[in-house]
>>> print(open('upload.tsv').read())   # TSV, C-alpha atoms and all ligand atoms
chain	number	residue	atom	x	y	z
N	1	MET	CA	1.89	23.32	92.72
N	2	PRO	CA	3.87	20.06	93.03
N	3	LYS	CA	5.54	19.06	89.74
N	4	VAL	CA	2.60	20.02	87.59
N	5	LEU	CA	2.64	19.38	83.86
N	6	LEU	CA	1.80	22.52	81.92
N	7	LEU	CA	1.32	23.24	78.24
N	8	GLY	CA	2.73	26.67	77.37
N	9	ILE	CA	1.58	28.79	74.42
N	10	GLU	CA	3.42	31.94	73.31
N	11	THR	CA	2.37	34.03	70.30
N	12	SER	CA	3.02	37.61	71.42
N	13	CYS	CA	5.20	38.58	68.48
N	14	ASP	CA	6.48	36.55	65.53
N	15	ASP	CA	7.40	33.17	67.03
N	16	THR	CA	4.70	30.50	67.15
N	17	ALA	CA	5.84	28.67	70.28
N	18	THR	CA	4.50	25.80	72.36
N	19	ALA	CA	6.08	23.76	75.16
N	20	VAL	CA	5.40	21.15	77.79
N	21	VAL	CA	7.12	21.77	81.12
N	22	ARG	CA	7.07	19.76	84.34
N	23	GLY	CA	7.33	21.54	87.68
N	24	GLY	CA	8.25	24.83	86.01
N	25	VAL	CA	11.75	23.44	85.43
N	26	HIS	CA	11.97	20.33	83.25
N	27	VAL	CA	11.34	21.03	79.59
N	28	LEU	CA	9.79	17.97	77.95
N	29	ALA	CA	9.18	19.76	74.66
N	30	ASN	CA	9.97	23.25	73.38
N	31	VAL	CA	8.73	23.95	69.86
N	32	SER	CA	9.15	27.24	68.06
N	33	THR	CA	8.43	28.10	64.46
N	34	ASN	CA	10.41	31.08	63.46
N	35	GLN	CA	8.74	33.45	60.96
N	36	ASP	CA	11.93	35.33	60.02
N	37	ALA	CA	11.73	34.30	56.36
N	38	PHE	CA	8.29	35.92	56.04
N	39	HIS	CA	9.37	39.25	57.59
N	40	ALA	CA	12.99	39.54	56.40
N	41	LYS	CA	12.22	41.31	53.12
N	42	TYR	CA	10.36	44.07	55.02
N	43	GLY	CA	13.32	44.59	57.41
N	44	GLY	CA	11.07	44.14	60.46
N	45	ILE	CA	8.00	42.35	61.76
N	46	VAL	CA	4.75	42.93	59.86
N	47	PRO	CA	1.94	42.44	62.44
N	48	GLU	CA	-0.67	41.22	59.95
N	49	ILE	CA	1.70	38.57	58.57
N	50	ALA	CA	2.64	37.49	62.10
N	51	SER	CA	-0.96	36.90	63.18
N	52	ARG	CA	-1.82	35.03	59.97
N	53	ARG	CA	1.17	32.75	60.44
N	54	HIS	CA	0.19	32.05	64.06
N	55	ALA	CA	-3.33	31.14	62.94
N	56	ALA	CA	-1.94	28.77	60.32
N	57	LEU	CA	0.65	27.11	62.59
N	58	LEU	CA	-0.59	27.05	66.16
N	59	SER	CA	-2.83	24.00	66.11
N	60	ALA	CA	-0.05	21.82	64.69
N	61	ALA	CA	2.45	23.39	67.10
N	62	VAL	CA	0.31	22.31	70.07
N	63	ASP	CA	0.08	18.75	68.71
N	64	ASP	CA	3.82	18.78	68.05
N	65	ALA	CA	4.73	19.81	71.62
N	66	LEU	CA	2.41	17.20	73.14
N	67	SER	CA	3.73	14.42	70.94
N	68	ARG	CA	7.41	15.35	71.50
N	69	ALA	CA	6.74	15.34	75.25
N	70	GLY	CA	5.07	11.94	74.90
N	71	THR	CA	1.92	13.21	76.54
N	72	HIS	CA	-1.73	14.00	75.83
N	73	LEU	CA	-4.10	16.80	76.75
N	74	ASP	CA	-5.76	14.60	79.37
N	75	GLN	CA	-2.44	14.14	81.20
N	76	LEU	CA	-1.84	17.88	81.62
N	77	ASP	CA	-2.47	19.85	84.79
N	78	GLY	CA	-3.06	23.18	83.07
N	79	ILE	CA	-2.54	25.50	80.14
N	80	ALA	CA	-0.41	28.65	80.31
N	81	VAL	CA	-0.66	31.37	77.68
N	82	THR	CA	0.90	34.77	77.07
N	83	ALA	CA	-1.88	37.35	77.59
N	84	GLY	CA	0.30	40.41	76.80
N	85	PRO	CA	2.12	42.67	76.20
N	86	GLY	CA	2.71	42.22	72.49
N	87	LEU	CA	1.05	42.59	69.11
N	88	ILE	CA	-2.70	42.31	69.56
N	89	GLY	CA	-3.31	40.31	66.37
N	90	SER	CA	-0.65	37.82	67.45
N	91	LEU	CA	-1.74	37.60	71.08
N	92	VAL	CA	-5.39	36.88	70.28
N	93	VAL	CA	-4.48	33.78	68.28
N	94	GLY	CA	-2.69	32.17	71.26
N	95	VAL	CA	-5.22	33.38	73.81
N	96	ALA	CA	-8.19	32.10	71.76
N	97	ALA	CA	-6.54	28.70	71.33
N	98	ALA	CA	-5.67	28.42	75.03
N	99	LYS	CA	-9.19	29.43	76.08
N	100	ALA	CA	-10.74	26.89	73.75
N	101	LEU	CA	-8.43	24.11	74.98
N	102	ALA	CA	-9.04	24.97	78.65
N	103	PHE	CA	-12.79	25.20	78.16
N	104	ALA	CA	-12.99	21.94	76.23
N	105	THR	CA	-10.81	19.98	78.68
N	106	GLY	CA	-11.78	21.68	81.95
N	107	LEU	CA	-8.06	22.27	82.67
N	108	PRO	CA	-7.01	25.37	84.65
N	109	LEU	CA	-5.93	28.32	82.50
N	110	TYR	CA	-3.01	30.56	83.48
N	111	ALA	CA	-2.56	34.01	81.94
N	112	VAL	CA	1.10	35.02	81.83
N	113	ASN	CA	2.73	38.39	81.27
N	114	HIS	CA	5.32	37.86	78.51
N	115	LEU	CA	7.94	39.74	80.55
N	116	HIS	CA	7.36	37.56	83.62
N	117	GLY	CA	7.98	34.69	81.19
N	118	HIS	CA	11.39	36.12	80.26
N	119	LEU	CA	12.29	36.48	83.96
N	120	PHE	CA	11.34	32.95	84.91
N	121	ALA	CA	13.26	31.51	81.95
N	122	ALA	CA	16.20	31.56	84.38
N	123	PHE	CA	14.52	28.72	86.31
N	124	LEU	CA	14.34	26.33	83.35
N	125	GLU	CA	16.50	23.20	83.48
N	126	ARG	CA	18.17	24.24	86.75
N	127	ASP	CA	18.70	22.06	89.78
N	128	ALA	CA	19.18	25.13	91.98
N	129	PRO	CA	16.94	28.05	90.97
N	130	PRO	CA	17.82	31.69	91.72
N	131	PRO	CA	17.20	32.45	95.42
N	132	TYR	CA	14.99	35.40	96.42
N	133	PRO	CA	15.35	38.29	96.55
N	134	PHE	CA	17.14	38.60	93.23
N	135	LEU	CA	17.83	41.40	90.79
N	136	ALA	CA	16.88	40.77	87.16
N	137	LEU	CA	18.14	42.60	84.10
N	138	LEU	CA	15.52	42.08	81.42
N	139	VAL	CA	16.78	43.03	77.97
N	140	SER	CA	14.61	42.24	74.97
N	141	GLY	CA	13.41	43.65	71.68
N	142	GLY	CA	10.77	45.85	73.28
N	143	HIS	CA	11.93	46.25	76.89
N	144	THR	CA	15.01	47.00	78.95
N	145	GLN	CA	14.50	47.11	82.68
N	146	LEU	CA	15.95	46.25	86.06
N	147	VAL	CA	13.51	44.32	88.22
N	148	GLU	CA	13.65	43.65	91.94
N	149	VAL	CA	12.15	40.20	92.47
N	150	GLU	CA	11.14	39.67	96.08
N	151	SER	CA	9.06	36.59	95.33
N	152	PRO	CA	7.33	35.16	92.23
N	153	THR	CA	4.43	37.50	92.84
N	154	ALA	CA	6.24	40.59	94.17
N	155	LEU	CA	8.14	42.20	91.30
N	156	ARG	CA	9.09	45.86	91.03
N	157	ILE	CA	10.72	47.75	88.16
N	158	ILE	CA	13.52	49.90	89.61
N	159	GLY	CA	15.13	51.15	86.39
N	160	ARG	CA	14.29	51.22	82.70
N	161	THR	CA	15.26	52.64	79.35
N	162	ARG	CA	13.92	56.10	78.71
N	163	ASP	CA	13.75	55.48	74.95
N	164	ASP	CA	14.80	52.49	72.82
N	165	ALA	CA	15.12	48.99	74.23
N	166	ALA	CA	18.61	47.49	73.97
N	167	GLY	CA	17.37	44.91	71.43
N	168	GLU	CA	15.79	47.66	69.35
N	169	ALA	CA	19.13	49.53	69.37
N	170	PHE	CA	20.86	46.35	68.16
N	171	ASP	CA	18.27	45.91	65.40
N	172	LYS	CA	18.38	49.54	64.23
N	173	THR	CA	22.19	49.70	64.31
N	174	ALA	CA	22.34	46.40	62.41
N	175	ARG	CA	20.21	48.01	59.71
N	176	LEU	CA	22.67	50.93	59.50
N	177	LEU	CA	25.36	48.32	58.90
N	178	ASP	CA	23.26	46.67	56.15
N	179	LEU	CA	22.94	43.48	58.15
N	180	PRO	CA	20.03	41.10	57.61
N	181	PHE	CA	17.00	40.89	59.92
N	182	PRO	CA	16.93	40.00	62.80
N	183	GLY	CA	19.79	42.34	63.50
N	184	GLY	CA	20.99	41.45	67.01
N	185	PRO	CA	22.56	38.06	66.26
N	186	ALA	CA	23.93	39.32	62.91
N	187	LEU	CA	25.58	42.31	64.58
N	188	GLU	CA	27.12	40.10	67.26
N	189	ALA	CA	28.49	37.76	64.59
N	190	LEU	CA	30.01	40.66	62.62
N	191	GLY	CA	31.58	42.17	65.73
N	192	ARG	CA	33.27	38.91	66.69
N	193	THR	CA	36.31	39.80	64.58
N	194	GLY	CA	36.16	43.49	65.46
N	195	ASP	CA	37.93	45.63	68.06
N	196	PRO	CA	35.50	46.75	70.81
N	197	LYS	CA	37.84	49.63	71.69
N	198	ALA	CA	38.21	50.92	68.12
N	199	PHE	CA	35.60	53.69	68.56
N	200	ALA	CA	34.41	55.28	71.80
N	201	PHE	CA	30.67	55.55	71.25
N	202	PRO	CA	28.80	57.42	74.03
N	203	ARG	CA	27.47	55.67	77.13
N	204	HIS	CA	24.31	57.58	78.03
N	205	ARG	CA	23.10	57.66	81.61
N	206	PRO	CA	20.09	59.98	81.35
N	207	ASP	CA	19.76	60.75	85.04
N	208	PRO	CA	22.62	59.66	87.33
N	209	GLY	CA	20.27	59.78	90.33
N	210	THR	CA	18.18	56.93	88.90
N	211	LEU	CA	18.83	53.48	87.45
N	212	ASP	CA	17.40	54.52	84.09
N	213	MET	CA	19.17	53.97	80.77
N	214	SER	CA	19.07	55.38	77.24
N	215	PHE	CA	20.04	53.84	73.90
N	216	SER	CA	18.61	56.06	71.17
N	217	GLY	CA	21.53	58.54	71.34
N	218	LEU	CA	24.00	55.70	70.92
N	219	LYS	CA	22.26	54.49	67.77
N	220	THR	CA	22.20	58.05	66.39
N	221	SER	CA	25.88	58.58	67.09
N	222	VAL	CA	26.70	55.37	65.18
N	223	ARG	CA	24.65	56.75	62.28
N	224	TYR	CA	26.48	60.10	62.25
N	225	PHE	CA	29.79	58.29	62.58
N	226	LEU	CA	29.05	56.04	59.59
N	227	GLU	CA	28.19	59.14	57.54
N	228	SER	CA	31.43	60.90	58.54
N	229	ASP	CA	34.69	60.71	56.56
N	230	THR	CA	36.36	58.48	59.19
N	231	GLY	CA	33.25	56.34	59.47
N	232	LYS	CA	32.97	55.69	55.74
N	233	ASP	CA	36.38	53.98	55.81
N	234	ALA	CA	35.94	52.27	59.19
N	235	ARG	CA	35.96	48.49	59.40
N	236	ARG	CA	32.33	47.40	59.89
N	237	GLU	CA	33.53	44.70	62.29
N	238	ASP	CA	35.08	47.38	64.54
N	239	VAL	CA	31.93	49.53	64.45
N	240	ALA	CA	29.78	46.51	65.43
N	241	ALA	CA	32.13	45.47	68.25
N	242	SER	CA	32.41	49.06	69.55
N	243	PHE	CA	28.62	49.58	69.49
N	244	GLN	CA	28.07	46.30	71.32
N	245	ALA	CA	30.67	47.26	73.95
N	246	ALA	CA	28.83	50.54	74.60
N	247	VAL	CA	25.48	48.74	75.11
N	248	VAL	CA	27.06	46.18	77.42
N	249	ASP	CA	28.82	48.91	79.44
N	250	VAL	CA	25.58	50.81	80.05
N	251	LEU	CA	23.67	47.65	81.02
N	252	ILE	CA	26.40	46.42	83.36
N	253	ASP	CA	26.95	49.86	84.91
N	254	ARG	CA	23.24	50.22	85.77
N	255	THR	CA	23.05	46.68	87.12
N	256	ALA	CA	26.12	47.27	89.29
N	257	ARG	CA	24.57	50.45	90.62
N	258	ALA	CA	21.42	48.52	91.60
N	259	LEU	CA	23.55	45.87	93.31
N	260	ASP	CA	25.33	48.64	95.26
N	261	ALA	CA	22.00	49.87	96.59
N	262	ARG	CA	20.78	46.63	98.14
N	263	ASP	CA	21.89	43.11	99.03
N	264	TYR	CA	20.44	40.61	96.57
N	265	ARG	CA	21.01	36.87	96.75
N	266	ALA	CA	21.39	36.46	92.98
N	267	VAL	CA	21.41	38.38	89.74
N	268	VAL	CA	19.48	37.14	86.70
N	269	LEU	CA	19.85	38.02	83.01
N	270	SER	CA	16.87	37.52	80.69
N	271	GLY	CA	15.23	38.47	77.38
N	272	GLY	CA	16.39	38.05	73.78
N	273	VAL	CA	19.51	40.20	74.17
N	274	ALA	CA	20.62	37.84	76.96
N	275	ALA	CA	21.69	35.54	74.10
N	276	ASN	CA	24.54	37.97	73.41
N	277	GLY	CA	27.90	36.44	74.30
N	278	ALA	CA	29.65	39.69	75.30
N	279	LEU	CA	26.76	40.61	77.61
N	280	GLN	CA	26.72	37.12	79.12
N	281	SER	CA	30.47	37.25	79.89
N	282	ALA	CA	30.24	40.71	81.45
N	283	PHE	CA	27.22	39.63	83.47
N	284	LEU	CA	28.91	36.51	84.83
N	285	ALA	CA	31.95	38.64	85.76
N	286	LEU	CA	29.61	41.04	87.56
N	287	GLY	CA	28.25	38.17	89.67
N	288	GLU	CA	31.81	37.24	90.61
N	289	ARG	CA	32.61	40.85	91.49
N	290	TYR	CA	29.61	41.02	93.85
N	291	ARG	CA	30.09	37.43	95.05
N	292	ILE	CA	26.56	36.34	94.22
N	293	PRO	CA	25.43	33.71	91.71
N	294	ALA	CA	24.69	35.10	88.23
N	295	PHE	CA	22.05	33.24	86.20
N	296	VAL	CA	21.95	33.33	82.42
N	297	PRO	CA	19.30	31.20	80.68
N	298	GLU	CA	20.33	28.77	77.96
N	299	ARG	CA	20.23	30.56	74.60
N	300	ARG	CA	17.09	28.71	73.47
N	301	PHE	CA	15.27	30.14	76.51
N	302	CYS	CA	16.51	33.75	76.04
N	303	THR	CA	14.50	34.69	72.94
N	304	ASP	CA	10.74	34.15	72.86
N	305	ASN	CA	9.68	30.61	73.73
N	306	ALA	CA	6.74	28.90	75.40
N	307	ALA	CA	8.72	27.00	78.06
N	308	MET	CA	9.30	30.28	79.90
N	309	ILE	CA	5.55	30.97	79.86
N	310	ALA	CA	4.83	27.62	81.50
N	311	ALA	CA	7.64	28.30	84.02
N	312	ALA	CA	6.15	31.66	84.99
N	313	ALA	CA	2.66	30.14	85.36
N	314	GLU	CA	4.02	27.42	87.61
N	315	ARG	CA	5.87	29.93	89.83
N	316	ARG	CA	2.95	32.35	90.10
N	317	GLY	CA	0.32	29.65	90.60
N	318	ASP	CA	-3.14	30.86	91.60
N	319	VAL	CA	-2.20	34.51	91.05
N	320	ALA	CA	-2.00	33.73	87.31
N	321	ARG	CA	-5.14	31.56	87.18
N	322	VAL	CA	-8.02	33.02	85.15
N	323	ASP	CA	-11.50	32.09	83.99
N	324	PRO	CA	-11.24	30.68	80.43
N	325	LEU	CA	-14.41	32.48	79.41
N	326	HIS	CA	-13.18	35.88	80.50
N	327	LEU	CA	-9.51	36.11	79.53
N	328	VAL	CA	-8.85	38.94	77.05
N	329	ALA	CA	-5.50	39.54	75.35
N	330	ASP	CA	-4.03	42.90	76.35
N	331	PRO	CA	-1.30	44.42	74.13
N	332	ASN	CA	-0.38	46.78	76.99
N	333	LEU	CA	-0.68	44.35	79.87
N	334	PRO	CA	0.90	46.00	82.94
N	335	PHE	CA	3.98	44.38	84.44
N	336	THR	CA	2.71	43.73	87.99
N	401	LIG	N1	22.94	37.52	70.10
N	401	LIG	C1	22.24	38.63	70.22
N	401	LIG	N2	22.84	39.81	70.46
N	401	LIG	C2	22.14	40.95	70.59
N	401	LIG	N3	20.80	41.02	70.50
N	401	LIG	C3	20.15	39.87	70.26
N	401	LIG	C4	20.82	38.61	70.12
N	401	LIG	N4	19.88	37.65	69.91
N	401	LIG	C5	18.69	38.28	69.91
N	401	LIG	N5	18.84	39.60	70.12
N	401	LIG	C6	17.81	40.63	70.13
N	401	LIG	O1	16.79	40.24	71.01
N	401	LIG	C7	15.56	40.82	70.54
N	401	LIG	C8	14.50	39.75	70.52
N	401	LIG	O2	14.27	39.37	71.85
N	401	LIG	P1	12.84	38.96	72.33
N	401	LIG	O3	12.39	37.86	71.44
N	401	LIG	O4	12.87	38.71	73.76
N	401	LIG	O5	12.10	40.33	72.03
N	401	LIG	P2	10.58	40.59	71.81
N	401	LIG	O6	9.80	39.43	72.33
N	401	LIG	O7	10.40	41.01	70.40
N	401	LIG	O8	10.36	41.84	72.75
N	401	LIG	P3	9.67	41.84	74.19
N	401	LIG	O9	10.08	40.60	74.88
N	401	LIG	O10	10.20	43.08	74.82
N	401	LIG	O11	8.21	41.91	73.92
N	401	LIG	C9	15.80	41.41	69.18
N	401	LIG	O12	15.92	42.80	69.32
N	401	LIG	C10	17.12	40.75	68.78
N	401	LIG	O13	17.89	41.53	67.89
N	402	MG	MG	10.18	38.63	74.18
>>> encode(input="upload.tsv", output="structure tokens", more="lines below")
Ligand SMILES: Nc1ncnc2c1ncn2[C@@H]1O[C@H](COP(=O)(O)OP(=O)(O)OP(=O)(O)O)[C@@H](O)[C@H]1O
Ligand SMILES: [Mg+2]
Amino acid sequence: MPKVLLLGIETSCDDTATAVVRGGVHVLANVSTNQDAFHAKYGGIVPEIASRRHAALLSAAVDDALSRAGTHLDQLDGIAVTAGPGLIGSLVVGVAAAKALAFATGLPLYAVNHLHGHLFAAFLERDAPPPYPFLALLVSGGHTQLVEVESPTALRIIGRTRDDAAGEAFDKTARLLDLPFPGGPALEALGRTGDPKAFAFPRHRPDPGTLDMSFSGLKTSVRYFLESDTGKDARREDVAASFQAAVVDVLIDRTARALDARDYRAVVLSGGVAANGALQSAFLALGERYRIPAFVPERRFCTDNAAMIAAAAERRGDVARVDPLHLVADPNLPFT
């Protein structure tokens, strides 16, 4: 697809996001309405509230993205929407809107896996995109996996968490530290003045013969520590920094192991946790150690956004194209 202009729609969780992207790279508009204020008092995302907010906001969010990009529906080349995985009530709002727009305009409709979106975020606003084959470390609120990317349409998961996602571990540990929702950024901010070596929390590698990871034991050990006599008096900043160091160590160790097993031309970091500064630094250092380029998306493209959905649709082209009458949102959409 040469320099196509795509509208992206992303409503898989709690961000109502729209974007206009040219050629899968140039972001003309990237609009996201954060619902944090509506979920904060519950300490987590309430699915019913999320879908109601999407229904209330999406139409205006589409208009907003088009007007910021200085374009109109009739100048687009297609519409890309997240079809899954995610919360079903949230997904159906975006999918229904995208189907209606595609049907009314006759524009092609592209169904995008949310996780493919995270991966292709690394291509946004880059002159030189990651060369294939590359290794991707995808770390988000619901997923943590290593992906071998042979081409835009040949992706294979080669390692994954056996229990909690890294983002989930950040969020749950943040709650133990009485930090506000969403926990990941709050925990990073607290840890900034802490000592990452203050406490040696465990680094779990569930099966050394695989590239799999585990984070639930780490979260539990922080909980037991905080309940212990030493933990009660520990500086919260040190606990946050030490927890974060343990997560980063596990992620970097598994990624290094994958890089040992095969020659990749690049290594790509993606997903909401990719916004974490300590992880970004360690990841860039890893690229230097293996002498391959390391790609980290801009922060605004790490957490959920619609630009990444348009980028993935552009890269995957006809493989992602679907009939607007038949697309169905799938909360468990498989990765392939
Ligand atoms: N600076 C940060 N440090 C650590 N974690 C962070 C940071 N910023 C965001 N996160 C974490 O990233 C997660 C959100 O990422 P993302 O929006 O990609 O997840 P999601 O869309 O809910 O899950 P998925 O993509 O797996 O469906 C949350 O767990 C959040 O705490
Ligand atoms: Mg996400």
>>> residues_near_ligand(input="upload.tsv", ligand="ligand MG 402 (chain N)", cutoff="8 Å", atoms="all atoms listed in the file", output="list in words")
Ser12, Cys13, His114, Leu115, His118, Ser140, Gly141, Gly142, Gly271, Gly272, Thr303 and Asp304 of chain N
>>> residues_near_ligand(input="upload.tsv", ligand="ligand LIG 401 (chain N)", cutoff="9 Å", atoms="all atoms listed in the file", output="VMD selection string")
chain N and resid 12 to 15 84 to 87 114 to 115 117 to 118 138 to 144 165 to 172 174 181 to 189 244 270 to 279 299 302 to 305
>>> closest_residue(input="upload.tsv", among="N:Ala98, N:Ala306, N:Leu146, N:Leu259", to="N:Asp323", atoms="all atoms listed in the file")
N:Ala98
>>> atom_distance(input="upload.tsv", atom1="atom CA of N:Asp212", atom2="atom CA of N:Glu150")
20.1 Å
>>> atom_distance(input="upload.tsv", atom1="atom CA of N:His39", atom2="atom CA of N:Thr11")
15.4 Å
>>> closest_atom_pairs(input="upload.tsv", of="stretch 217-247 of chain N", to="stretch 197-211 of chain N", cutoff="7 Å", atoms="all atoms listed in the file", output="Markdown table")
| residue | atom | partner | partner_atom | distance |
| --- | --- | --- | --- | --- |
| N:Leu218 | CA | N:Pro202 | CA | 6.0 |
| N:Asp238 | CA | N:Ala198 | CA | 5.9 |
| N:Val239 | CA | N:Phe199 | CA | 6.9 |
| N:Ser242 | CA | N:Phe199 | CA | 5.7 |
| N:Phe243 | CA | N:Phe201 | CA | 6.6 |
| N:Ala246 | CA | N:Arg203 | CA | 5.9 |
>>> residues_around(input="upload.tsv", residues="stretch 231-235 of chain N", least_positions_apart="2", cutoff="10 Å", atoms="only C-alpha atoms", output="list of chain:residue names")
N:Gly191, N:Gly194, N:Asp195, N:Ala198, N:Phe199, N:Val222, N:Arg223, N:Tyr224, N:Phe225, N:Leu226, N:Glu227, N:Ser228, N:Asp229, N:Glu237, N:Asp238, N:Val239, N:Ala240
>>> residues_near_point(input="upload.tsv", point="(-9.6, 34.2, 79.7)", cutoff="9 Å", atoms="all atoms listed in the file", output="list in words")
Ala83, Val95, Ala96, Ala98, Lys99, Leu109, Tyr110, Ala111, Val322, Asp323, Pro324, Leu325, His326, Leu327, Val328 and Ala329 of chain N
>>> residues_around(input="upload.tsv", residues="N:Ala310", least_positions_apart="6", cutoff="12 Å", atoms="all atoms listed in the file", output="VMD selection string")
chain N and resid 3 to 10 17 to 30 76 to 82 109 to 114 116 to 121 123 to 124 301 316 to 317 320
>>> atom_distance(input="upload.tsv", atom1="atom CA of N:Asn34", atom2="atom CA of N:His54")
10.3 Å
>>> closest_residue(input="upload.tsv", among="N:Pro47, N:Thr105, N:Glu148, N:Leu251", to="N:His72", atoms="all atoms listed in the file")
N:Thr105
>>> closest_residue(input="upload.tsv", among="N:Thr220, N:Ala313, N:Arg192, N:Asp330", to="N:Gly94", atoms="only C-alpha atoms")
N:Asp330
>>> residues_around(input="upload.tsv", residues="stretch 281-287 of chain N", least_positions_apart="4", cutoff="8 Å", atoms="all atoms listed in the file", output="number ranges by chain")
N: 248, 252, 256, 266-267, 269, 277, 291-295
>>> residues_around(input="upload.tsv", residues="N:Phe38", least_positions_apart="5", cutoff="9 Å", atoms="all atoms listed in the file", output="ChimeraX atom specification")
/N:45-46,49-50,53
>>> closest_residue(input="upload.tsv", among="N:Ala311, N:Gly70, N:Leu137, N:Thr161", to="N:Gln280", atoms="all atoms listed in the file")
N:Leu137
>>> residues_around(input="upload.tsv", residues="N:Arg156", least_positions_apart="5", cutoff="8 Å", atoms="only C-alpha atoms", output="number ranges by chain")
N: 147-149, 336
>>> closest_residue(input="upload.tsv", among="N:Gly159, N:Thr230, N:Phe215, N:Ala69", to="N:Val250", atoms="only C-alpha atoms")
N:Phe215
>>> closest_residue(input="upload.tsv", among="N:Asp164, N:Tyr132, N:Gly43, N:Ala307", to="N:Asp263", atoms="only C-alpha atoms")
N:Tyr132
>>> decode(input="upload.tsv", residues="stretch 236-250 of chain N", atoms="N, CA, C and O atoms", output="PDB file, in the first residue's frame")
ATOM      1  N   ARG N 236       9.547   3.489  51.113  1.00  0.00           N
ATOM      2  CA  ARG N 236       8.698   3.061  49.990  1.00  0.00           C
ATOM      3  C   ARG N 236       9.408   3.271  48.647  1.00  0.00           C
ATOM      4  O   ARG N 236       9.231   2.515  47.704  1.00  0.00           O
ATOM      5  N   GLU N 237      10.217   4.344  48.582  1.00  0.00           N
ATOM      6  CA  GLU N 237      10.950   4.644  47.351  1.00  0.00           C
ATOM      7  C   GLU N 237      11.908   3.498  47.009  1.00  0.00           C
ATOM      8  O   GLU N 237      12.045   3.106  45.841  1.00  0.00           O
ATOM      9  N   ASP N 238      12.561   2.942  48.064  1.00  0.00           N
ATOM     10  CA  ASP N 238      13.509   1.840  47.840  1.00  0.00           C
ATOM     11  C   ASP N 238      12.780   0.567  47.414  1.00  0.00           C
ATOM     12  O   ASP N 238      13.272  -0.201  46.578  1.00  0.00           O
ATOM     13  N   VAL N 239      11.609   0.330  48.015  1.00  0.00           N
ATOM     14  CA  VAL N 239      10.826  -0.869  47.647  1.00  0.00           C
ATOM     15  C   VAL N 239      10.415  -0.756  46.174  1.00  0.00           C
ATOM     16  O   VAL N 239      10.558  -1.712  45.394  1.00  0.00           O
ATOM     17  N   ALA N 240       9.924   0.424  45.779  1.00  0.00           N
ATOM     18  CA  ALA N 240       9.483   0.616  44.389  1.00  0.00           C
ATOM     19  C   ALA N 240      10.652   0.418  43.424  1.00  0.00           C
ATOM     20  O   ALA N 240      10.538  -0.296  42.426  1.00  0.00           O
ATOM     21  N   ALA N 241      11.790   1.046  43.737  1.00  0.00           N
ATOM     22  CA  ALA N 241      12.954   0.946  42.838  1.00  0.00           C
ATOM     23  C   ALA N 241      13.462  -0.495  42.769  1.00  0.00           C
ATOM     24  O   ALA N 241      13.853  -0.978  41.691  1.00  0.00           O
ATOM     25  N   SER N 242      13.444  -1.208  43.901  1.00  0.00           N
ATOM     26  CA  SER N 242      13.947  -2.588  43.924  1.00  0.00           C
ATOM     27  C   SER N 242      13.000  -3.528  43.171  1.00  0.00           C
ATOM     28  O   SER N 242      13.441  -4.446  42.476  1.00  0.00           O
ATOM     29  N   PHE N 243      11.693  -3.302  43.313  1.00  0.00           N
ATOM     30  CA  PHE N 243      10.717  -4.112  42.563  1.00  0.00           C
ATOM     31  C   PHE N 243      10.921  -3.895  41.064  1.00  0.00           C
ATOM     32  O   PHE N 243      11.007  -4.844  40.283  1.00  0.00           O
ATOM     33  N   GLN N 244      11.012  -2.631  40.672  1.00  0.00           N
ATOM     34  CA  GLN N 244      11.169  -2.307  39.255  1.00  0.00           C
ATOM     35  C   GLN N 244      12.446  -2.948  38.691  1.00  0.00           C
ATOM     36  O   GLN N 244      12.451  -3.474  37.576  1.00  0.00           O
ATOM     37  N   ALA N 245      13.525  -2.916  39.481  1.00  0.00           N
ATOM     38  CA  ALA N 245      14.785  -3.509  39.024  1.00  0.00           C
ATOM     39  C   ALA N 245      14.624  -5.011  38.783  1.00  0.00           C
ATOM     40  O   ALA N 245      15.189  -5.556  37.826  1.00  0.00           O
ATOM     41  N   ALA N 246      13.835  -5.669  39.639  1.00  0.00           N
ATOM     42  CA  ALA N 246      13.638  -7.115  39.476  1.00  0.00           C
ATOM     43  C   ALA N 246      12.864  -7.397  38.185  1.00  0.00           C
ATOM     44  O   ALA N 246      13.208  -8.312  37.423  1.00  0.00           O
ATOM     45  N   VAL N 247      11.820  -6.611  37.905  1.00  0.00           N
ATOM     46  CA  VAL N 247      11.042  -6.812  36.667  1.00  0.00           C
ATOM     47  C   VAL N 247      11.946  -6.597  35.456  1.00  0.00           C
ATOM     48  O   VAL N 247      11.968  -7.423  34.522  1.00  0.00           O
ATOM     49  N   VAL N 248      12.693  -5.509  35.484  1.00  0.00           N
ATOM     50  CA  VAL N 248      13.559  -5.191  34.341  1.00  0.00           C
ATOM     51  C   VAL N 248      14.594  -6.299  34.136  1.00  0.00           C
ATOM     52  O   VAL N 248      14.833  -6.744  33.012  1.00  0.00           O
ATOM     53  N   ASP N 249      15.177  -6.801  35.216  1.00  0.00           N
ATOM     54  CA  ASP N 249      16.179  -7.876  35.112  1.00  0.00           C
ATOM     55  C   ASP N 249      15.607  -9.103  34.414  1.00  0.00           C
ATOM     56  O   ASP N 249      16.242  -9.688  33.541  1.00  0.00           O
ATOM     57  N   VAL N 250      14.396  -9.503  34.826  1.00  0.00           N
ATOM     58  CA  VAL N 250      13.795 -10.708  34.239  1.00  0.00           C
ATOM     59  C   VAL N 250      13.532 -10.476  32.744  1.00  0.00           C
ATOM     60  O   VAL N 250      13.867 -11.324  31.901  1.00  0.00           O
TER      61      VAL N 250
END
